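Undergrad: Sharing model-v6.cif below, mmCIF, C-alpha atoms:
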data_query
#
loop_
_atom_site.label_atom_id
_atom_site.label_comp_id
_atom_site.auth_asym_id
_atom_site.auth_seq_id
_atom_site.Cartn_x
_atom_site.Cartn_y
_atom_site.Cartn_z
CA GLU A 1 12.97 13.98 -8.06
CA ALA A 2 9.37 13.33 -7.05
CA GLN A 3 9.33 11.51 -3.77
CA VAL A 4 7.85 10.86 -0.37
CA THR A 5 10.45 11.13 2.37
CA GLN A 6 10.08 9.53 5.77
CA ASN A 7 12.39 9.94 8.71
CA PRO A 8 13.85 8.15 10.48
CA ARG A 9 14.24 4.85 8.62
CA TYR A 10 14.84 2.95 11.83
CA LEU A 11 13.81 3.84 15.36
CA ILE A 12 14.13 1.96 18.63
CA THR A 13 12.42 3.47 21.63
CA VAL A 14 11.00 2.58 25.01
CA THR A 15 7.42 2.32 26.15
CA GLY A 16 5.85 5.68 26.88
CA LYS A 17 8.44 7.93 25.28
CA LYS A 18 6.71 10.24 22.82
CA LEU A 19 7.98 10.12 19.25
CA THR A 20 7.26 11.62 15.86
CA VAL A 21 7.84 10.10 12.46
CA THR A 22 8.04 12.75 9.79
CA CYS A 23 6.69 12.50 6.26
CA SER A 24 7.18 15.02 3.49
CA GLN A 25 6.24 14.97 -0.20
CA ASN A 26 7.38 17.31 -2.95
CA MET A 27 4.65 16.55 -5.49
CA ASN A 28 2.02 19.00 -4.24
CA HIS A 29 -0.29 16.09 -3.48
CA GLU A 30 -3.44 16.85 -1.56
CA TYR A 31 -3.98 13.36 -0.19
CA MET A 32 -1.60 11.82 2.35
CA SER A 33 -1.91 8.74 4.47
CA TRP A 34 -0.14 6.53 7.00
CA TYR A 35 -0.11 2.73 6.94
CA ARG A 36 1.40 0.13 9.17
CA GLN A 37 2.57 -3.24 7.93
CA ASP A 38 2.63 -6.29 10.16
CA PRO A 39 3.45 -9.91 9.28
CA GLY A 40 0.38 -11.79 8.15
CA LEU A 41 -1.80 -8.69 8.26
CA GLY A 42 -0.66 -6.77 5.20
CA LEU A 43 -0.95 -2.99 5.23
CA ARG A 44 -3.55 -1.27 7.34
CA GLN A 45 -4.40 2.39 7.23
CA ILE A 46 -3.87 4.47 10.37
CA TYR A 47 -4.90 8.00 9.38
CA TYR A 48 -5.35 9.97 6.21
CA SER A 49 -5.67 13.58 5.15
CA MET A 50 -7.54 14.96 2.16
CA ASN A 51 -5.96 18.39 2.48
CA VAL A 52 -4.46 20.90 4.89
CA GLU A 53 -6.20 20.82 8.27
CA VAL A 54 -8.38 17.90 7.17
CA THR A 55 -7.57 14.54 8.75
CA ASP A 56 -9.57 11.40 9.42
CA LYS A 57 -9.19 7.99 11.00
CA GLY A 58 -8.32 4.90 9.04
CA ASP A 59 -8.76 1.33 10.18
CA VAL A 60 -6.32 1.29 13.11
CA PRO A 61 -6.04 4.85 14.56
CA GLU A 62 -5.79 3.98 18.26
CA GLY A 63 -2.59 5.22 19.85
CA TYR A 64 -1.69 7.57 17.00
CA LYS A 65 -2.11 11.22 16.16
CA VAL A 66 -1.45 13.16 12.99
CA SER A 67 -1.45 16.76 11.89
CA ARG A 68 -1.57 18.49 8.50
CA LYS A 69 -0.54 22.09 8.96
CA GLU A 70 1.16 22.28 5.59
CA LYS A 71 0.37 20.49 2.37
CA ARG A 72 3.74 18.80 2.08
CA ASN A 73 4.07 17.45 5.63
CA PHE A 74 2.08 14.80 7.47
CA PRO A 75 3.80 13.71 10.68
CA LEU A 76 2.73 10.65 12.66
CA ILE A 77 2.81 11.10 16.41
CA LEU A 78 2.89 8.38 19.03
CA GLU A 79 2.20 10.12 22.34
CA SER A 80 2.86 7.05 24.48
CA PRO A 81 4.23 4.21 22.38
CA SER A 82 3.59 0.63 23.41
CA PRO A 83 5.19 -2.63 22.24
CA ASN A 84 2.15 -3.47 20.07
CA GLN A 85 3.05 -0.47 17.93
CA THR A 86 6.25 -2.16 16.87
CA SER A 87 5.79 -2.26 13.12
CA LEU A 88 6.88 -1.05 9.71
CA TYR A 89 5.24 2.28 8.89
CA PHE A 90 4.64 3.78 5.48
CA CYS A 91 3.59 7.25 4.51
CA ALA A 92 1.91 7.72 1.14
CA SER A 93 0.56 10.55 -1.01
CA SER A 94 -1.55 10.90 -4.11
CA LEU A 95 -3.16 13.40 -6.46
CA GLY A 96 -5.87 11.10 -7.76
CA GLY A 97 -3.57 8.51 -9.24
CA PRO A 98 -1.83 5.63 -7.52
CA LEU A 99 -0.39 6.08 -4.06
CA HIS A 100 3.28 7.00 -3.87
CA PHE A 101 4.91 5.45 -0.82
CA GLY A 102 7.87 6.51 1.26
CA ASN A 103 10.63 4.02 2.01
CA GLY A 104 9.21 3.05 5.36
CA THR A 105 10.12 3.50 9.02
CA ARG A 106 10.84 0.43 11.08
CA LEU A 107 9.81 1.16 14.65
CA THR A 108 10.63 -1.03 17.63
CA VAL A 109 9.11 -0.25 21.01
CA THR A 110 10.64 -2.12 23.95
CA ALA B 1 -17.14 -3.40 3.09
CA GLN B 2 -14.37 -3.97 0.66
CA LYS B 3 -12.02 -6.91 0.97
CA VAL B 4 -9.03 -8.27 -0.91
CA THR B 5 -7.94 -11.88 -0.63
CA GLN B 6 -4.58 -13.20 -1.69
CA ALA B 7 -4.90 -16.87 -0.88
CA GLN B 8 -1.30 -17.72 -1.69
CA THR B 9 0.87 -16.78 1.25
CA GLU B 10 4.14 -17.96 -0.24
CA ILE B 11 5.15 -19.31 -3.63
CA SER B 12 8.49 -20.70 -4.76
CA VAL B 13 9.41 -21.19 -8.38
CA VAL B 14 12.57 -22.01 -10.24
CA GLU B 15 13.98 -19.29 -12.42
CA LYS B 16 12.42 -19.06 -15.89
CA GLU B 17 9.18 -20.64 -14.77
CA ASP B 18 5.94 -18.71 -15.19
CA VAL B 19 4.02 -17.87 -12.03
CA THR B 20 0.55 -16.47 -11.39
CA LEU B 21 -0.37 -14.58 -8.25
CA ASP B 22 -4.06 -14.67 -7.43
CA CYS B 23 -6.16 -11.80 -6.18
CA VAL B 24 -9.87 -11.93 -5.41
CA TYR B 25 -11.77 -8.88 -4.26
CA GLU B 26 -15.14 -7.95 -2.82
CA THR B 27 -16.85 -4.62 -3.24
CA ARG B 28 -20.37 -3.24 -3.47
CA ASP B 29 -19.33 -0.37 -5.69
CA THR B 30 -19.63 -0.50 -9.44
CA THR B 31 -16.75 1.94 -9.79
CA TYR B 32 -13.46 0.95 -8.23
CA TYR B 33 -9.75 0.62 -8.87
CA LEU B 34 -7.46 -2.35 -8.50
CA PHE B 35 -3.73 -2.16 -7.94
CA TRP B 36 -0.66 -4.32 -7.65
CA TYR B 37 2.37 -3.25 -5.64
CA LYS B 38 5.74 -4.97 -5.29
CA GLN B 39 7.77 -4.96 -2.08
CA PRO B 40 11.32 -6.20 -2.71
CA PRO B 41 13.55 -7.32 0.16
CA SER B 42 14.77 -3.73 0.54
CA GLY B 43 11.29 -2.90 1.84
CA GLU B 44 9.95 -0.10 -0.34
CA LEU B 45 6.56 -0.37 -2.04
CA VAL B 46 6.69 -0.10 -5.80
CA PHE B 47 3.56 0.63 -7.82
CA LEU B 48 3.07 -1.81 -10.71
CA ILE B 49 -0.38 -1.23 -12.18
CA ARG B 50 -3.76 0.41 -11.65
CA ARG B 51 -6.89 -0.79 -13.40
CA ASN B 52 -10.36 0.74 -13.18
CA SER B 53 -13.51 -1.34 -13.03
CA PHE B 54 -14.67 -0.34 -16.49
CA ASP B 55 -11.57 -1.56 -18.22
CA GLU B 56 -11.44 -5.33 -18.41
CA GLN B 57 -8.76 -5.44 -21.03
CA ASN B 58 -5.79 -7.51 -20.04
CA GLU B 59 -2.55 -5.63 -19.67
CA ILE B 60 0.92 -6.73 -20.61
CA SER B 61 4.11 -4.96 -19.67
CA GLY B 62 7.23 -6.86 -20.59
CA ARG B 63 7.24 -10.09 -18.59
CA TYR B 64 4.29 -8.94 -16.48
CA SER B 65 0.67 -9.41 -17.38
CA TRP B 66 -2.59 -8.88 -15.58
CA ASN B 67 -5.90 -10.63 -16.07
CA PHE B 68 -8.92 -8.74 -14.79
CA GLN B 69 -12.22 -10.65 -14.70
CA LYS B 70 -15.21 -8.90 -13.16
CA SER B 71 -17.32 -12.06 -13.46
CA THR B 72 -15.11 -13.80 -10.92
CA SER B 73 -13.95 -10.64 -9.08
CA SER B 74 -10.37 -11.50 -9.77
CA PHE B 75 -7.31 -9.52 -10.81
CA ASN B 76 -4.50 -12.01 -11.26
CA PHE B 77 -0.88 -11.19 -11.97
CA THR B 78 1.39 -13.39 -14.08
CA ILE B 79 5.15 -13.17 -14.35
CA THR B 80 6.52 -14.92 -17.39
CA ALA B 81 10.02 -16.40 -17.35
CA SER B 82 10.58 -15.40 -13.74
CA GLN B 83 13.90 -14.02 -12.60
CA VAL B 84 15.61 -13.84 -9.23
CA VAL B 85 14.96 -10.08 -9.17
CA ASP B 86 11.25 -10.84 -9.13
CA SER B 87 11.60 -12.23 -5.60
CA ALA B 88 9.44 -9.98 -3.46
CA VAL B 89 6.17 -9.68 -1.65
CA TYR B 90 3.36 -8.68 -3.98
CA PHE B 91 0.28 -6.87 -2.76
CA CYS B 92 -3.05 -6.55 -4.48
CA ALA B 93 -5.20 -3.60 -3.40
CA LEU B 94 -8.64 -2.14 -4.02
CA SER B 95 -10.03 1.36 -3.75
CA GLU B 96 -13.70 2.18 -4.02
CA ARG B 97 -15.16 5.35 -5.40
CA ALA B 98 -17.22 5.94 -2.32
CA TYR B 99 -19.50 8.92 -1.85
CA SER B 100 -16.85 10.97 -0.13
CA GLY B 101 -13.84 12.30 -1.97
CA ALA B 102 -11.63 10.14 0.19
CA GLY B 103 -13.11 6.97 -1.19
CA SER B 104 -11.10 6.95 -4.35
CA TYR B 105 -7.88 7.10 -2.34
CA GLN B 106 -8.65 4.57 0.37
CA LEU B 107 -6.73 1.45 -0.43
CA THR B 108 -7.60 -1.89 1.09
CA PHE B 109 -4.67 -4.25 0.75
CA GLY B 110 -4.52 -8.00 0.61
CA LYS B 111 -2.11 -9.70 2.97
CA GLY B 112 0.45 -10.21 0.25
CA THR B 113 2.07 -13.13 -1.53
CA LYS B 114 5.74 -13.76 -0.98
CA LEU B 115 7.36 -14.93 -4.19
CA SER B 116 10.74 -16.61 -4.09
CA VAL B 117 12.49 -17.27 -7.39
CA ILE B 118 15.20 -19.86 -7.02
CA PRO B 119 18.18 -19.69 -9.37
#
So, in terms of structure tokens, how does the structure I just supplied come out?

TA:
Amino acid sequence: EAQVTQNPRYLITVTGKKLTVTCSQNMNHEYMSWYRQDPGLGLRQIYYSMNVEVTDKGDVPEGYKVSRKEKRNFPLILESPSPNQTSLYFCASSLGGPLHFGNGTRLTVT
Amino acid sequence: AQKVTQAQTEISVVEKEDVTLDCVYETRDTTYYLFWYKQPPSGELVFLIRRNSFDEQNEISGRYSWNFQKSTSSFNFTITASQVVDSAVYFCALSERAYSGAGSYQLTFGKGTKLSVIP
């Protein structure tokens, strides 16, 4: 089944403790992206990648890192999470058509 | 810069009523794509439709229909005979065919309209 898989679905952590949210797609898509969703703000793009080893900032990249060492994986790294990064995160991929989204990761930083 | 406005934050309708969700966009490009996504209470984002800027034909899919009007920069979504399962947050989004290859993938989302269908 074609899908974008994010893990974990839920994560509660403390300020400053490094974490990684994984994202994997099995559709051989070149484009991958991370969004965060906050009440009243809709979805905002954090980072995106056009292909392996090619990444670029979206609208709200501060406090996040990404890497694209393989085509299928696009992890989101929070080196030192802060409470304002509490949000619902979505990974997405595409091959020129519409974006396919993962099921989301709900992150709480206390 | 591109922008998508969904002026309706929340809408409530009684089951079987028709409802229209508004979407107004701004872009400087002549080539662009418009999308609608559905986010049910379970949280996932479900793709509903993509329309390119050269295709102003209205689209109908079952109880769903979309009205694209370039003259008013609008891409409205109508649900006919609404059902409780239609309760969700609906997002309109825009991607521009910018000069870089990334442009066609960069989605700008509206803030969403929460639709509640009351039995």

Undergrad: With a distance threshold of 7 Å and counting all atoms listed in the file, extract the residues of chain A near chain B and express them as a PyMOL selection string.

TA: chain A and resi 40-43+50+98+101+103-104

Undergrad: In the coordinates of the file, take the point (3.9, -6.7, -14.1) and a cut-off of 9 Å; then, counting all atoms listed in the file, name each qualifying protein, DNA or RNA residue as a PyMOL selection string.

TA: chain B and resi 36+48-49+59-66+77-79

Undergrad: Can you tell me which residues surround segment 24-38 of chain A at a distance of at most 9 Å, considering only C-alpha atoms, apart from same-chain residues fewer than 5 positions away, and format the answer as a ChimeraX atom specification?

TA: /A:1-7,43-52,58,60,71-76,85-96,99,102 /B:102,105-106

Undergrad: Just say which residues the PyMOL selection byres ((chain A and resi 78) around 9) picks in this file, as a list in words.

TA: Gly16, Lys17, Lys18, Leu19, Thr20, Val21, Gly63, Tyr64, Lys65, Val66, Leu76, Ile77, Glu79, Ser80, Pro81, Ser82 and Gln85 of chain A

Undergrad: Measuring atom to atom with only C-alpha atoms, identify which of B:Glu10, B:Glu26, B:Glu96, B:Asp18 is nearest to Gln83 of chain B.

TA: B:Asp18

Undergrad: Which residues are close to Pro119 of chain B, i.e. within 9 Å by all atoms listed in the file, leaving aside same-chain residues fewer than 6 positions away? Reply as an MDAnalysis selection string.

TA: chainID B and resid 13:16 83:84

Undergrad: Translate the PyMOL selection byres ((chain B and resi 67-70) around 9) into a concrete residue list for this structure, as a list in words.

TA: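 When the PyMOL selection byres ((chain B and resi 67-70) around 9) is applied to the shown file, the picked residues are Arg51, Ser53, Asp55, Glu56, Gln57, Asn58, Glu59, Ser65, Trp66, Ser71, Thr72, Ser73, Ser74, Phe75, Asn76, Phe77 and Thr78 of chain B.
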
Undergrad: In Å, with one decimal, what is the gap from atom CA of Asp56 of chain A to atom CA of Lys69 of chain A?

TA: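 We find that atom CA of Asp56 of chain A and atom CA of Lys69 of chain A lie 14.0 Å from each other.
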
Undergrad: For each of B:Leu21, B:Leu94, B:Phe54, B:Thr31, take the minimum atom-to-atom distance to Gln2 of chain B, counting only C-alpha atoms, then give the residue where this is smallest.

TA: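 The shortest atom-to-atom distance to Gln2 of chain B comes from B:Leu94.
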
Undergrad: Take atom CA of Ser67 of chain A and atom CA of Val14 of chain A and report the distance between them in Å, one decimal.

TA: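 One can read the atom CA of Ser67 of chain A to atom CA of Val14 of chain A distance as 23.0 Å.
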
Undergrad: One number please: atom CA of Thr55 of chain A to atom CA of Asn52 of chain B, in Å, one decimal.

TA: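 Those two atoms sit 26.1 Å apart.
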
Undergrad: List as a ChimeraX atom specification the residues having at least one atom at most 6 Å from position (11.3, -0.4, 12.7) as given in the file, counting only C-alpha atoms.

TA: /A:10-11,87-88,105-108

Undergrad: Can you give me N, CA and C atoms for segment 32-64 of chain A, written as a short mmCIF file (atom, residue, chain, number, x, y, z; two decimals), in the frame of the given file?

TA:
data_model
loop_
_atom_site.label_atom_id
_atom_site.label_comp_id
_atom_site.auth_asym_id
_atom_site.auth_seq_id
_atom_site.Cartn_x
_atom_site.Cartn_y
_atom_site.Cartn_z
N MET A 32 -2.71 12.52 1.70
CA MET A 32 -1.60 11.82 2.35
C MET A 32 -2.17 10.84 3.36
N SER A 33 -1.38 9.80 3.63
CA SER A 33 -1.91 8.74 4.47
C SER A 33 -0.76 8.02 5.17
N TRP A 34 -1.09 7.38 6.30
CA TRP A 34 -0.14 6.53 7.00
C TRP A 34 -0.70 5.11 7.07
N TYR A 35 0.22 4.14 6.82
CA TYR A 35 -0.11 2.73 6.94
C TYR A 35 0.89 2.07 7.87
N ARG A 36 0.47 0.99 8.48
CA ARG A 36 1.40 0.13 9.17
C ARG A 36 1.35 -1.26 8.56
N GLN A 37 2.49 -1.91 8.51
CA GLN A 37 2.57 -3.24 7.93
C GLN A 37 3.06 -4.22 8.98
N ASP A 38 2.29 -5.27 9.18
CA ASP A 38 2.63 -6.29 10.16
C ASP A 38 2.56 -7.66 9.49
N PRO A 39 3.43 -8.58 9.90
CA PRO A 39 3.45 -9.91 9.28
C PRO A 39 2.08 -10.58 9.33
N GLY A 40 1.65 -11.08 8.20
CA GLY A 40 0.38 -11.79 8.15
C GLY A 40 -0.83 -10.91 8.10
N LEU A 41 -0.65 -9.61 8.24
CA LEU A 41 -1.80 -8.69 8.26
C LEU A 41 -1.80 -7.73 7.08
N GLY A 42 -0.74 -7.69 6.32
CA GLY A 42 -0.66 -6.77 5.20
C GLY A 42 -0.53 -5.34 5.68
N LEU A 43 -1.01 -4.41 4.88
CA LEU A 43 -0.95 -2.99 5.23
C LEU A 43 -2.31 -2.52 5.71
N ARG A 44 -2.31 -1.82 6.79
CA ARG A 44 -3.55 -1.27 7.34
C ARG A 44 -3.41 0.23 7.53
N GLN A 45 -4.46 0.93 7.20
CA GLN A 45 -4.40 2.39 7.23
C GLN A 45 -4.60 2.91 8.64
N ILE A 46 -3.78 3.89 9.02
CA ILE A 46 -3.87 4.47 10.37
C ILE A 46 -4.68 5.77 10.33
N TYR A 47 -4.23 6.72 9.56
CA TYR A 47 -4.90 8.00 9.38
C TYR A 47 -4.68 8.45 7.94
N TYR A 48 -5.55 9.35 7.50
CA TYR A 48 -5.35 9.97 6.21
C TYR A 48 -5.77 11.42 6.26
N SER A 49 -5.35 12.15 5.22
CA SER A 49 -5.67 13.58 5.15
C SER A 49 -5.99 13.94 3.71
N MET A 50 -7.14 14.56 3.50
CA MET A 50 -7.54 14.96 2.16
C MET A 50 -6.95 16.31 1.77
N ASN A 51 -6.57 17.11 2.77
CA ASN A 51 -5.96 18.39 2.48
C ASN A 51 -5.51 19.03 3.77
N VAL A 52 -4.96 20.21 3.69
CA VAL A 52 -4.46 20.90 4.89
C VAL A 52 -5.59 21.04 5.91
N GLU A 53 -5.27 20.71 7.14
CA GLU A 53 -6.20 20.82 8.27
C GLU A 53 -7.37 19.86 8.18
N VAL A 54 -7.32 18.90 7.28
CA VAL A 54 -8.38 17.90 7.17
C VAL A 54 -7.78 16.51 7.36
N THR A 55 -8.08 15.88 8.50
CA THR A 55 -7.57 14.54 8.75
C THR A 55 -8.72 13.64 9.19
N ASP A 56 -8.52 12.33 9.01
CA ASP A 56 -9.57 11.40 9.42
C ASP A 56 -8.96 10.06 9.75
N LYS A 57 -9.69 9.27 10.55
CA LYS A 57 -9.19 7.99 11.00
C LYS A 57 -9.28 6.95 9.90
N GLY A 58 -8.28 6.07 9.90
CA GLY A 58 -8.32 4.90 9.04
C GLY A 58 -8.85 3.70 9.82
N ASP A 59 -8.27 2.55 9.55
CA ASP A 59 -8.76 1.33 10.18
C ASP A 59 -8.19 1.08 11.58
N VAL A 60 -6.99 1.57 11.83
CA VAL A 60 -6.32 1.29 13.11
C VAL A 60 -5.73 2.56 13.71
N PRO A 61 -6.57 3.56 14.10
CA PRO A 61 -6.04 4.85 14.56
C PRO A 61 -5.64 4.90 16.03
N GLU A 62 -6.02 3.89 16.82
CA GLU A 62 -5.79 3.98 18.26
C GLU A 62 -4.30 4.07 18.58
N GLY A 63 -3.97 5.05 19.42
CA GLY A 63 -2.59 5.22 19.85
C GLY A 63 -1.77 6.14 18.96
N TYR A 64 -2.40 6.70 17.94
CA TYR A 64 -1.69 7.57 17.00
C TYR A 64 -2.38 8.91 16.87
#
